[in-house]
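J.: After the structure tokens below, expect a handful of questions from me.
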Amino acid sequence: MSKPVKKNAIDYFIEGARSGWTIGTTSMLPNVVMAFVIIRILNVTGIMDLLGEWAGGVMSLWGLPGQALAVLLAAFMSMGGGAGMAAAMAVDGVLTPVHVTILAPAIILMGALLQYMGRCLGTSGSNPKYWGWQIGIAIFNALIAMWILRFLLLFFGDSPAAA
Amino acid sequence: MSSEGTQKVTVASYVLLALACIIFSGVFAKHTPDSWWPAWLQVFDFNILNGSFGTIAKSTNNFRGVGGVGARDGFLFALNLCPSVILALGLVKIVDGYGGLLAAEKIIRPFFKPLLGIPGITGLAFITHLQSTDGAAAMTKELFDDGHITDEERTLFTTLQFSANGTITNYFATIAGALQAYFVVPLGLPLVVIFLCKIMGTNIMRLILKMQSKKSTGAEA
């Protein structure tokens with residue numbers, strides 16, 4: 001039987017880079033394109049402005065504009081969608097770099113929860129009695145993370161108050 | 001992947017793990033004449049390694065241009081992001097390949113029970129969940145089926161996994177890829193916050209379980 005070939009750092013890098021390319025083109029790219037199209041729809045229909053007005057009060061608790069709610073809702077469905085949405089809004093100038101930084105951990109912490117109910121909680125056989133709590137906790141984690149980031153930003157020169 | 005179980009944890013594993021933490025922390029991102037460290041250490045910074053696109057001749061913009069909207073703009077924007085994802089996952093794979101993630105498991109394993117209320121035997125599944133949602137879920141089921149963890153411990157462990165599942169892969173593939181250009185903090189900082197919140201969330205669930213078991217004990221009495 002032949003011995004398995006030992007991989008070196010370059011082999012590992014190429015392997016990871018290849019998976020990065022696959023994720024980038026087959027997962028991130030479609031998600032970003034979808035997000036840009038949704039943003040276009042929201043802008044053309046005027047819903048984005050309405051969202052800014054309606055959700056402005058709540059989102060201001062985290063120093064964010066109302067439109068940021070769309071990012072969190074998209075993240076709940078898919079992390080890539082949430083990140084794409086945030087990127088598209090940053091490109092449009094709706095979100096500033098400070099807003100994007102505050103939103104980043106929340107996109108991951110409450111990201112793709114709908115999918116993960118099946119893929120994580122379902123597959124592991126986790127007790128369904130606590131699924132509701134687990135979803136609530138994941139969202140709570142995201143909200144707290146945004147406050148922590150907002151606080152940490154005080155030490156990085158870009159005060160959230162200026163956002 | 002570390003879950004393949006073919007790797008050994010060596011000194012190199014710890015060195016690479018530490019190096020990865022440095023690269024993603026951004027400590028060597030900016031060098032000024034007043035910096036205490038030599039400029040060449042910038043090679044240990046993710047953004048320095050990531051570089052930048054050139055600009056189109058007689059313009060200040062790269063190939064994406066400005067003023068685009070809709071799907072076409074989204075396509076070029078996403079293409080813009082691919083190098084970060086490729087670089088980040090390439091670097092993570094080197095660390096993983098040399099047992100860096102297993103080294104991380106060895107470091108954190110003793111803290112599992114006091115910090116999260118789950119036994120150290122879940123360490124490998126924990127490391128797996130950083131990269132693979134499905135792999136970790138399957139391993140968790142196996143741990144329960146083999147009697148290594150109780151139903152309560154499984155609930156705690158899945159609470160930890162559920163929020164920010166596939167943490168490392170998702171963070172570097174989506175956040176680092178799509179948003180790091182806008183970050184006003186080092187790339188590693190939001191990741192630290194994510195881990196802190198995961199631990200916090202698990203402990204909230206720990207509290208809920210404790211309260212429920214007290215309630216049921218009280219009801220029985």
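Within each chain, counting starts at residue 1; across the structure tokens, chains are named A, B, ... in the order shown, with ligands numbered 1 upward in that order.
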Pick out each residue of chain A that DSSP on the backbone tags as alpha helix (DSSP H); I need them as a tab-separated table (two decimals) with N, CA and C atoms, in the first residue's frame.

T.:
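Dumped everything to states_15.tsv:
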```tsv
chain	number	residue	atom	x	y	z
A	9	ALA	N	3.24	23.43	3.68
A	9	ALA	CA	2.45	24.65	3.89
A	9	ALA	C	1.81	25.15	2.59
A	10	ILE	N	2.56	25.00	1.48
A	10	ILE	CA	2.04	25.50	0.20
A	10	ILE	C	0.82	24.68	-0.21
A	11	ASP	N	0.92	23.35	-0.03
A	11	ASP	CA	-0.22	22.49	-0.38
A	11	ASP	C	-1.45	22.88	0.43
A	12	TYR	N	-1.23	23.11	1.73
A	12	TYR	CA	-2.35	23.49	2.60
A	12	TYR	C	-2.95	24.83	2.15
A	13	PHE	N	-2.05	25.78	1.84
A	13	PHE	CA	-2.55	27.10	1.43
A	13	PHE	C	-3.40	26.97	0.17
A	14	ILE	N	-2.86	26.21	-0.81
A	14	ILE	CA	-3.60	26.06	-2.07
A	14	ILE	C	-4.95	25.41	-1.83
A	15	GLU	N	-4.96	24.40	-0.95
A	15	GLU	CA	-6.21	23.71	-0.63
A	15	GLU	C	-7.23	24.69	-0.04
A	16	GLY	N	-6.76	25.49	0.93
A	16	GLY	CA	-7.64	26.47	1.56
A	16	GLY	C	-8.06	27.55	0.58
A	17	ALA	N	-7.09	27.99	-0.24
A	17	ALA	CA	-7.38	29.05	-1.21
A	17	ALA	C	-8.42	28.57	-2.23
A	18	ARG	N	-8.28	27.28	-2.60
A	18	ARG	CA	-9.25	26.72	-3.56
A	18	ARG	C	-10.65	26.73	-2.94
A	19	SER	N	-10.70	26.35	-1.67
A	19	SER	CA	-12.02	26.36	-1.03
A	19	SER	C	-12.53	27.80	-0.89
A	20	GLY	N	-11.58	28.75	-0.68
A	20	GLY	CA	-11.95	30.17	-0.64
A	20	GLY	C	-12.55	30.63	-1.96
A	21	TRP	N	-11.94	30.19	-3.05
A	21	TRP	CA	-12.45	30.54	-4.39
A	21	TRP	C	-13.84	29.94	-4.61
A	22	THR	N	-13.99	28.67	-4.20
A	22	THR	CA	-15.29	28.01	-4.36
A	22	THR	C	-16.36	28.73	-3.54
A	23	ILE	N	-16.03	29.03	-2.28
A	23	ILE	CA	-17.00	29.73	-1.43
A	23	ILE	C	-17.28	31.13	-2.00
A	29	LEU	N	-20.63	35.27	-4.01
A	29	LEU	CA	-21.03	36.05	-5.20
A	29	LEU	C	-22.54	36.03	-5.44
A	30	PRO	N	-23.19	34.86	-5.47
A	30	PRO	CA	-24.65	34.88	-5.66
A	30	PRO	C	-25.38	35.64	-4.55
A	31	ASN	N	-24.87	35.48	-3.30
A	31	ASN	CA	-25.50	36.19	-2.18
A	31	ASN	C	-25.37	37.70	-2.31
A	32	VAL	N	-24.18	38.14	-2.74
A	32	VAL	CA	-23.96	39.58	-2.89
A	32	VAL	C	-24.81	40.13	-4.03
A	33	VAL	N	-24.85	39.40	-5.15
A	33	VAL	CA	-25.67	39.86	-6.28
A	33	VAL	C	-27.14	39.95	-5.84
A	34	MET	N	-27.58	38.90	-5.12
A	34	MET	CA	-28.97	38.93	-4.63
A	34	MET	C	-29.21	40.15	-3.74
A	35	ALA	N	-28.26	40.40	-2.85
A	35	ALA	CA	-28.41	41.53	-1.93
A	35	ALA	C	-28.47	42.85	-2.69
A	36	PHE	N	-27.61	43.00	-3.70
A	36	PHE	CA	-27.62	44.23	-4.49
A	36	PHE	C	-28.95	44.41	-5.22
A	37	VAL	N	-29.51	43.31	-5.69
A	37	VAL	CA	-30.80	43.39	-6.38
A	37	VAL	C	-31.91	43.77	-5.40
A	38	ILE	N	-31.87	43.16	-4.20
A	38	ILE	CA	-32.89	43.49	-3.19
A	38	ILE	C	-32.79	44.97	-2.81
A	39	ILE	N	-31.55	45.43	-2.63
A	39	ILE	CA	-31.35	46.85	-2.29
A	39	ILE	C	-31.92	47.73	-3.40
A	40	ARG	N	-31.67	47.30	-4.65
A	40	ARG	CA	-32.19	48.08	-5.80
A	40	ARG	C	-33.72	48.14	-5.74
A	41	ILE	N	-34.32	46.98	-5.45
A	41	ILE	CA	-35.79	46.93	-5.36
A	41	ILE	C	-36.28	47.85	-4.23
A	42	LEU	N	-35.61	47.75	-3.07
A	42	LEU	CA	-36.01	48.58	-1.92
A	42	LEU	C	-35.85	50.06	-2.23
A	43	ASN	N	-34.79	50.39	-2.97
A	43	ASN	CA	-34.56	51.80	-3.31
A	43	ASN	C	-35.57	52.32	-4.32
A	44	VAL	N	-35.79	51.50	-5.39
A	44	VAL	CA	-36.69	51.95	-6.46
A	44	VAL	C	-38.13	52.08	-5.95
A	45	THR	N	-38.53	51.16	-5.05
A	45	THR	CA	-39.91	51.21	-4.55
A	45	THR	C	-40.09	52.21	-3.41
A	47	ILE	N	-39.17	51.67	-0.39
A	47	ILE	CA	-39.33	50.95	0.89
A	47	ILE	C	-38.14	51.25	1.81
A	48	MET	N	-36.96	51.42	1.21
A	48	MET	CA	-35.77	51.66	2.01
A	48	MET	C	-35.92	52.94	2.85
A	49	ASP	N	-36.48	53.98	2.25
A	49	ASP	CA	-36.69	55.23	3.00
A	49	ASP	C	-37.69	55.02	4.13
A	50	LEU	N	-38.75	54.26	3.80
A	50	LEU	CA	-39.77	53.98	4.83
A	50	LEU	C	-39.17	53.21	5.99
A	51	LEU	N	-38.34	52.22	5.64
A	51	LEU	CA	-37.68	51.41	6.67
A	51	LEU	C	-36.82	52.29	7.56
A	52	GLY	N	-36.13	53.24	6.93
A	52	GLY	CA	-35.29	54.17	7.67
A	52	GLY	C	-36.11	54.95	8.69
A	53	GLU	N	-37.33	55.33	8.28
A	53	GLU	CA	-38.20	56.11	9.19
A	53	GLU	C	-38.80	55.23	10.28
A	54	TRP	N	-39.33	54.06	9.86
A	54	TRP	CA	-40.03	53.18	10.81
A	54	TRP	C	-39.09	52.61	11.87
A	56	GLY	N	-36.01	53.49	12.51
A	56	GLY	CA	-34.96	54.40	12.98
A	56	GLY	C	-34.85	54.48	14.49
A	57	GLY	N	-36.01	54.56	15.17
A	57	GLY	CA	-36.01	54.70	16.63
A	57	GLY	C	-35.36	53.52	17.32
A	58	VAL	N	-35.77	52.31	16.90
A	58	VAL	CA	-35.24	51.09	17.54
A	58	VAL	C	-33.74	50.95	17.23
A	59	MET	N	-33.38	51.09	15.97
A	59	MET	CA	-31.98	50.84	15.59
A	59	MET	C	-31.03	51.90	16.15
A	68	ALA	N	-30.65	49.56	8.71
A	68	ALA	CA	-29.79	48.44	9.15
A	68	ALA	C	-30.62	47.23	9.56
A	69	LEU	N	-31.91	47.46	9.86
A	69	LEU	CA	-32.79	46.34	10.22
A	69	LEU	C	-32.86	45.34	9.07
A	70	ALA	N	-32.82	45.86	7.83
A	70	ALA	CA	-32.87	44.96	6.66
A	70	ALA	C	-31.67	44.03	6.65
A	71	VAL	N	-30.52	44.51	7.13
A	71	VAL	CA	-29.31	43.68	7.18
A	71	VAL	C	-29.53	42.51	8.16
A	72	LEU	N	-30.10	42.84	9.33
A	72	LEU	CA	-30.30	41.81	10.34
A	72	LEU	C	-31.35	40.78	9.89
A	73	LEU	N	-32.39	41.27	9.23
A	73	LEU	CA	-33.42	40.34	8.74
A	73	LEU	C	-32.83	39.42	7.67
A	74	ALA	N	-32.02	39.98	6.79
A	74	ALA	CA	-31.38	39.17	5.74
A	74	ALA	C	-30.42	38.16	6.37
A	75	ALA	N	-29.69	38.60	7.42
A	75	ALA	CA	-28.73	37.71	8.08
A	75	ALA	C	-29.44	36.52	8.70
A	76	PHE	N	-30.63	36.75	9.25
A	76	PHE	CA	-31.40	35.67	9.88
A	76	PHE	C	-31.64	34.52	8.88
A	77	MET	N	-31.82	34.90	7.61
A	77	MET	CA	-32.03	33.89	6.56
A	77	MET	C	-30.70	33.30	6.12
A	79	MET	N	-26.19	34.19	6.26
A	79	MET	CA	-25.09	35.09	6.63
A	79	MET	C	-24.57	35.86	5.42
A	80	GLY	N	-24.45	35.13	4.31
A	80	GLY	CA	-23.96	35.77	3.08
A	80	GLY	C	-24.90	36.88	2.63
A	81	GLY	N	-26.21	36.62	2.77
A	81	GLY	CA	-27.20	37.62	2.40
A	81	GLY	C	-27.07	38.86	3.27
A	82	GLY	N	-26.90	38.65	4.58
A	82	GLY	CA	-26.74	39.77	5.51
A	82	GLY	C	-25.49	40.57	5.21
A	83	ALA	N	-24.38	39.85	4.98
A	83	ALA	CA	-23.11	40.54	4.70
A	83	ALA	C	-23.21	41.29	3.36
A	84	GLY	N	-23.85	40.65	2.38
A	84	GLY	CA	-24.01	41.29	1.07
A	84	GLY	C	-24.87	42.54	1.17
A	85	MET	N	-25.91	42.43	1.98
A	85	MET	CA	-26.82	43.56	2.17
A	85	MET	C	-26.06	44.73	2.82
A	86	ALA	N	-25.26	44.42	3.85
A	86	ALA	CA	-24.49	45.47	4.53
A	86	ALA	C	-23.50	46.11	3.56
A	87	ALA	N	-22.87	45.26	2.75
A	87	ALA	CA	-21.89	45.79	1.78
A	87	ALA	C	-22.58	46.70	0.77
A	88	ALA	N	-23.75	46.25	0.28
A	88	ALA	CA	-24.47	47.04	-0.71
A	88	ALA	C	-24.89	48.39	-0.12
A	89	MET	N	-25.32	48.38	1.15
A	89	MET	CA	-25.73	49.64	1.78
A	89	MET	C	-24.53	50.53	2.05
A	90	ALA	N	-23.39	49.93	2.32
A	90	ALA	CA	-22.18	50.73	2.53
A	90	ALA	C	-21.76	51.38	1.22
A	91	VAL	N	-21.89	50.64	0.13
A	91	VAL	CA	-21.57	51.19	-1.19
A	91	VAL	C	-22.48	52.38	-1.50
A	92	ASP	N	-23.76	52.23	-1.14
A	92	ASP	CA	-24.74	53.31	-1.40
A	92	ASP	C	-24.59	54.48	-0.43
A	97	PRO	N	-18.73	53.19	7.58
A	97	PRO	CA	-17.85	52.13	8.07
A	97	PRO	C	-18.10	51.80	9.55
A	98	VAL	N	-18.45	52.78	10.35
A	98	VAL	CA	-18.75	52.53	11.77
A	98	VAL	C	-19.98	51.62	11.89
A	99	HIS	N	-21.02	51.92	11.11
A	99	HIS	CA	-22.22	51.08	11.13
A	99	HIS	C	-21.89	49.64	10.74
A	100	VAL	N	-21.10	49.50	9.68
A	100	VAL	CA	-20.75	48.17	9.18
A	100	VAL	C	-20.00	47.39	10.26
A	101	THR	N	-19.09	48.08	10.95
A	101	THR	CA	-18.30	47.42	12.00
A	101	THR	C	-19.20	46.96	13.14
A	102	ILE	N	-20.17	47.78	13.50
A	102	ILE	CA	-21.09	47.41	14.59
A	102	ILE	C	-21.94	46.20	14.18
A	103	LEU	N	-22.36	46.18	12.91
A	103	LEU	CA	-23.24	45.11	12.44
A	103	LEU	C	-22.53	43.76	12.24
A	104	ALA	N	-21.21	43.82	11.96
A	104	ALA	CA	-20.48	42.61	11.55
A	104	ALA	C	-20.67	41.40	12.48
A	105	PRO	N	-20.43	41.52	13.81
A	105	PRO	CA	-20.58	40.32	14.64
A	105	PRO	C	-22.03	39.84	14.72
A	106	ALA	N	-22.98	40.79	14.62
A	106	ALA	CA	-24.39	40.41	14.71
A	106	ALA	C	-24.80	39.55	13.51
A	107	ILE	N	-24.24	39.88	12.34
A	107	ILE	CA	-24.57	39.11	11.13
A	107	ILE	C	-24.19	37.64	11.33
A	108	ILE	N	-23.06	37.41	12.01
A	108	ILE	CA	-22.62	36.03	12.24
A	108	ILE	C	-23.41	35.39	13.39
A	109	LEU	N	-23.59	36.14	14.48
A	109	LEU	CA	-24.21	35.55	15.68
A	109	LEU	C	-25.69	35.17	15.46
A	113	LEU	N	-30.04	31.38	11.09
A	113	LEU	CA	-30.64	30.58	12.16
A	113	LEU	C	-31.72	29.63	11.63
A	114	LEU	N	-32.43	30.08	10.60
A	114	LEU	CA	-33.46	29.22	10.03
A	114	LEU	C	-32.86	27.92	9.51
A	115	GLN	N	-31.73	28.07	8.78
A	115	GLN	CA	-31.03	26.88	8.25
A	115	GLN	C	-30.50	26.01	9.39
A	116	TYR	N	-29.90	26.68	10.38
A	116	TYR	CA	-29.22	25.94	11.44
A	116	TYR	C	-30.16	25.20	12.37
A	123	THR	N	-30.02	17.90	13.46
A	123	THR	CA	-29.05	16.80	13.26
A	123	THR	C	-28.48	16.30	14.59
A	124	SER	N	-28.20	17.21	15.50
A	124	SER	CA	-27.59	16.79	16.78
A	124	SER	C	-28.62	16.16	17.71
A	131	TRP	N	-35.56	24.81	21.73
A	131	TRP	CA	-35.22	25.48	20.47
A	131	TRP	C	-35.59	26.96	20.49
A	132	GLY	N	-36.75	27.25	21.03
A	132	GLY	CA	-37.20	28.64	21.09
A	132	GLY	C	-36.22	29.48	21.90
A	133	TRP	N	-35.79	28.94	23.04
A	133	TRP	CA	-34.81	29.64	23.87
A	133	TRP	C	-33.50	29.83	23.09
A	134	GLN	N	-33.10	28.79	22.37
A	134	GLN	CA	-31.82	28.86	21.65
A	134	GLN	C	-31.85	29.93	20.55
A	135	ILE	N	-33.01	30.05	19.88
A	135	ILE	CA	-33.14	31.09	18.85
A	135	ILE	C	-33.09	32.46	19.52
A	136	GLY	N	-33.85	32.60	20.61
A	136	GLY	CA	-33.87	33.86	21.35
A	136	GLY	C	-32.48	34.25	21.83
A	137	ILE	N	-31.73	33.27	22.34
A	137	ILE	CA	-30.38	33.55	22.86
A	137	ILE	C	-29.46	33.99	21.72
A	138	ALA	N	-29.57	33.34	20.56
A	138	ALA	CA	-28.71	33.72	19.42
A	138	ALA	C	-28.98	35.17	19.01
A	139	ILE	N	-30.25	35.57	18.98
A	139	ILE	CA	-30.60	36.95	18.63
A	139	ILE	C	-30.11	37.91	19.72
A	140	PHE	N	-30.29	37.49	20.98
A	140	PHE	CA	-29.82	38.30	22.11
A	140	PHE	C	-28.29	38.49	22.02
A	141	ASN	N	-27.58	37.41	21.71
A	141	ASN	CA	-26.11	37.50	21.53
A	141	ASN	C	-25.77	38.59	20.51
A	142	ALA	N	-26.52	38.59	19.40
A	142	ALA	CA	-26.24	39.54	18.32
A	142	ALA	C	-26.46	40.98	18.79
A	143	LEU	N	-27.55	41.19	19.53
A	143	LEU	CA	-27.85	42.55	19.99
A	143	LEU	C	-26.80	43.03	20.99
A	144	ILE	N	-26.39	42.14	21.88
A	144	ILE	CA	-25.36	42.51	22.87
A	144	ILE	C	-24.03	42.78	22.16
A	145	ALA	N	-23.71	41.95	21.16
A	145	ALA	CA	-22.44	42.12	20.43
A	145	ALA	C	-22.37	43.50	19.78
A	146	MET	N	-23.51	43.98	19.28
A	146	MET	CA	-23.51	45.30	18.64
A	146	MET	C	-23.22	46.39	19.67
A	147	TRP	N	-23.74	46.21	20.88
A	147	TRP	CA	-23.45	47.20	21.93
A	147	TRP	C	-21.97	47.14	22.33
A	148	ILE	N	-21.44	45.92	22.43
A	148	ILE	CA	-20.01	45.79	22.80
A	148	ILE	C	-19.15	46.48	21.75
A	149	LEU	N	-19.46	46.21	20.47
A	149	LEU	CA	-18.67	46.83	19.39
A	149	LEU	C	-18.79	48.34	19.43
A	150	ARG	N	-20.00	48.81	19.72
A	150	ARG	CA	-20.23	50.25	19.78
A	150	ARG	C	-19.37	50.87	20.88
A	151	PHE	N	-19.29	50.14	21.99
A	151	PHE	CA	-18.47	50.60	23.11
A	151	PHE	C	-16.98	50.56	22.73
A	152	LEU	N	-16.56	49.47	22.13
A	152	LEU	CA	-15.14	49.32	21.76
A	152	LEU	C	-14.70	50.38	20.76
```

J.: Check the smallest atom-to-atom distance from each of A:Pro128, A:Pro65, A:Cys120, A:Phe155 to chain B using only C-alpha atoms, then report the winner.

T.: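 Checking each of A:Pro128, A:Pro65, A:Cys120, A:Phe155 against chain B, counting only C-alpha atoms, the winner is A:Cys120.
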
J.: Name all residues at most 10 Å from range 36-45 of chain B (count only C-alpha atoms; drop same-chain ones fewer than 2 positions away) and give them as a short mmCIF file (atom, residue, chain, number, x, y, z; two decimals) with all heavy atoms, in the first residue's frame.

T.:
```
data_model
loop_
_atom_site.label_atom_id
_atom_site.label_comp_id
_atom_site.auth_asym_id
_atom_site.auth_seq_id
_atom_site.Cartn_x
_atom_site.Cartn_y
_atom_site.Cartn_z
N LEU B 19 0.76 32.80 15.43
CA LEU B 19 1.01 33.63 14.25
C LEU B 19 -0.31 34.05 13.58
O LEU B 19 -0.48 35.20 13.18
CB LEU B 19 1.87 32.83 13.26
CG LEU B 19 2.87 33.60 12.43
CD1 LEU B 19 3.79 34.42 13.31
CD2 LEU B 19 3.69 32.65 11.56
N ALA B 20 -1.24 33.09 13.51
CA ALA B 20 -2.55 33.40 12.90
C ALA B 20 -3.27 34.46 13.73
O ALA B 20 -3.87 35.39 13.17
CB ALA B 20 -3.39 32.14 12.81
N CYS B 21 -3.18 34.33 15.06
CA CYS B 21 -3.82 35.32 15.93
C CYS B 21 -3.23 36.69 15.67
O CYS B 21 -3.94 37.70 15.61
CB CYS B 21 -3.65 34.95 17.40
SG CYS B 21 -4.59 33.49 17.86
N ILE B 22 -1.91 36.74 15.50
CA ILE B 22 -1.23 38.02 15.24
C ILE B 22 -1.68 38.59 13.88
O ILE B 22 -2.05 39.75 13.77
CB ILE B 22 0.30 37.85 15.28
CG1 ILE B 22 0.76 37.56 16.72
CG2 ILE B 22 1.01 39.08 14.73
CD1 ILE B 22 2.19 37.12 16.84
N ILE B 23 -1.66 37.73 12.87
CA ILE B 23 -2.00 38.18 11.50
C ILE B 23 -3.41 38.77 11.45
O ILE B 23 -3.64 39.83 10.85
CB ILE B 23 -1.84 37.03 10.49
CG1 ILE B 23 -0.34 36.75 10.27
CG2 ILE B 23 -2.52 37.35 9.16
CD1 ILE B 23 -0.04 35.54 9.41
N PHE B 24 -4.38 38.09 12.11
CA PHE B 24 -5.75 38.57 12.03
C PHE B 24 -6.08 39.65 13.06
O PHE B 24 -7.12 40.28 13.00
CB PHE B 24 -6.74 37.40 12.16
CG PHE B 24 -6.70 36.46 10.98
CD1 PHE B 24 -6.33 35.14 11.13
CD2 PHE B 24 -7.00 36.93 9.71
CE1 PHE B 24 -6.28 34.28 10.04
CE2 PHE B 24 -6.95 36.08 8.61
CZ PHE B 24 -6.59 34.75 8.77
N SER B 25 -5.16 39.86 14.02
CA SER B 25 -5.43 40.86 15.06
C SER B 25 -5.19 42.28 14.56
O SER B 25 -5.74 43.23 15.09
CB SER B 25 -4.56 40.61 16.28
OG SER B 25 -3.22 40.97 15.98
N GLY B 26 -4.34 42.41 13.56
CA GLY B 26 -4.06 43.74 13.02
C GLY B 26 -3.05 44.53 13.84
O GLY B 26 -2.90 45.73 13.65
N VAL B 27 -2.30 43.85 14.75
CA VAL B 27 -1.35 44.60 15.58
C VAL B 27 -0.20 45.21 14.77
O VAL B 27 0.36 46.22 15.16
CB VAL B 27 -0.75 43.76 16.75
CG1 VAL B 27 -1.75 43.52 17.83
CG2 VAL B 27 -0.17 42.45 16.24
N PHE B 28 0.10 44.59 13.64
CA PHE B 28 1.17 45.13 12.82
C PHE B 28 0.64 45.82 11.56
O PHE B 28 1.32 45.89 10.54
CB PHE B 28 2.15 44.01 12.43
CG PHE B 28 2.91 43.46 13.60
CD1 PHE B 28 2.91 42.10 13.88
CD2 PHE B 28 3.62 44.30 14.45
CE1 PHE B 28 3.60 41.59 14.98
CE2 PHE B 28 4.32 43.81 15.54
CZ PHE B 28 4.30 42.44 15.81
N ALA B 29 -0.57 46.34 11.64
CA ALA B 29 -1.19 46.94 10.45
C ALA B 29 -0.56 48.27 10.07
O ALA B 29 -0.33 48.55 8.90
CB ALA B 29 -2.68 47.12 10.68
N LYS B 30 -0.28 49.08 11.06
CA LYS B 30 0.23 50.43 10.74
C LYS B 30 1.59 50.65 11.37
O LYS B 30 1.75 50.49 12.60
CB LYS B 30 -0.76 51.48 11.26
CG LYS B 30 -1.92 51.68 10.32
CD LYS B 30 -2.85 52.76 10.81
CE LYS B 30 -4.18 52.68 10.05
NZ LYS B 30 -5.31 53.10 10.83
N HIS B 31 2.55 51.01 10.55
CA HIS B 31 3.88 51.30 11.06
C HIS B 31 4.16 52.79 10.88
O HIS B 31 3.98 53.34 9.79
CB HIS B 31 4.93 50.48 10.31
CG HIS B 31 6.31 50.69 10.85
ND1 HIS B 31 7.17 51.65 10.34
CD2 HIS B 31 6.97 50.09 11.86
CE1 HIS B 31 8.29 51.63 11.04
NE2 HIS B 31 8.21 50.68 11.95
N THR B 32 4.55 53.43 11.96
CA THR B 32 4.91 54.85 11.88
C THR B 32 6.37 54.98 12.32
O THR B 32 6.93 54.04 12.92
CB THR B 32 4.03 55.69 12.83
OG1 THR B 32 4.25 55.24 14.17
CG2 THR B 32 2.56 55.57 12.50
N PRO B 33 7.01 56.11 12.04
CA PRO B 33 8.41 56.27 12.49
C PRO B 33 8.56 56.10 14.00
O PRO B 33 9.64 55.76 14.48
CB PRO B 33 8.74 57.71 12.07
CG PRO B 33 7.79 58.01 10.96
CD PRO B 33 6.55 57.25 11.24
N ASP B 34 7.47 56.31 14.75
CA ASP B 34 7.54 56.17 16.21
C ASP B 34 7.33 54.73 16.70
O ASP B 34 7.48 54.46 17.88
CB ASP B 34 6.46 57.05 16.89
CG ASP B 34 6.65 58.52 16.56
OD1 ASP B 34 7.81 58.89 16.35
OD2 ASP B 34 5.64 59.25 16.50
N ASN B 47 -4.19 42.60 6.15
CA ASN B 47 -4.47 43.60 5.12
C ASN B 47 -3.24 43.92 4.27
O ASN B 47 -3.37 44.24 3.09
CB ASN B 47 -5.02 44.88 5.75
CG ASN B 47 -6.48 44.74 6.04
OD1 ASN B 47 -7.22 44.15 5.27
ND2 ASN B 47 -6.92 45.23 7.18
N ILE B 48 -2.07 43.84 4.89
CA ILE B 48 -0.84 44.07 4.12
C ILE B 48 -0.67 42.95 3.10
O ILE B 48 -0.36 43.18 1.93
CB ILE B 48 0.38 44.13 5.08
CG1 ILE B 48 0.27 45.35 6.00
CG2 ILE B 48 1.69 44.13 4.29
CD1 ILE B 48 0.46 46.70 5.33
N LEU B 49 -0.93 41.72 3.55
CA LEU B 49 -0.81 40.58 2.64
C LEU B 49 -1.90 40.64 1.56
O LEU B 49 -1.67 40.25 0.41
CB LEU B 49 -0.93 39.26 3.40
CG LEU B 49 0.18 38.96 4.41
CD1 LEU B 49 -0.10 37.66 5.15
CD2 LEU B 49 1.54 38.89 3.74
N ASN B 50 -3.06 41.14 1.92
CA ASN B 50 -4.17 41.21 0.97
C ASN B 50 -3.90 42.25 -0.12
O ASN B 50 -4.32 42.09 -1.27
CB ASN B 50 -5.46 41.55 1.73
CG ASN B 50 -6.70 41.14 0.99
OD1 ASN B 50 -6.64 40.26 0.12
ND2 ASN B 50 -7.80 41.77 1.29
N PRO B 186 -9.48 46.32 14.03
CA PRO B 186 -8.77 45.18 13.45
C PRO B 186 -9.72 44.02 13.16
O PRO B 186 -10.71 43.83 13.89
CB PRO B 186 -7.76 44.79 14.54
CG PRO B 186 -7.62 45.99 15.40
CD PRO B 186 -8.92 46.72 15.33
N LEU B 187 -9.41 43.28 12.12
CA LEU B 187 -10.27 42.19 11.66
C LEU B 187 -10.58 41.17 12.76
O LEU B 187 -11.67 40.59 12.80
CB LEU B 187 -9.58 41.49 10.47
CG LEU B 187 -10.32 40.38 9.75
CD1 LEU B 187 -11.64 40.88 9.21
CD2 LEU B 187 -9.45 39.82 8.63
#
```

J.: I want to know what sits within 12 Å of Ile108 in chain B, based on only C-alpha atoms, with residues of the same chain fewer than 6 positions away left out; could you give that as a ChimeraX atom specification?

T.: /B:101-102,114-116,119-124,126-127

J.: Provide the CA of Glu105 in chain B to CA of Thr150 in chain B distance in Å, to one decimal place.

T.: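 Interatomic distance here is 21.1 Å.
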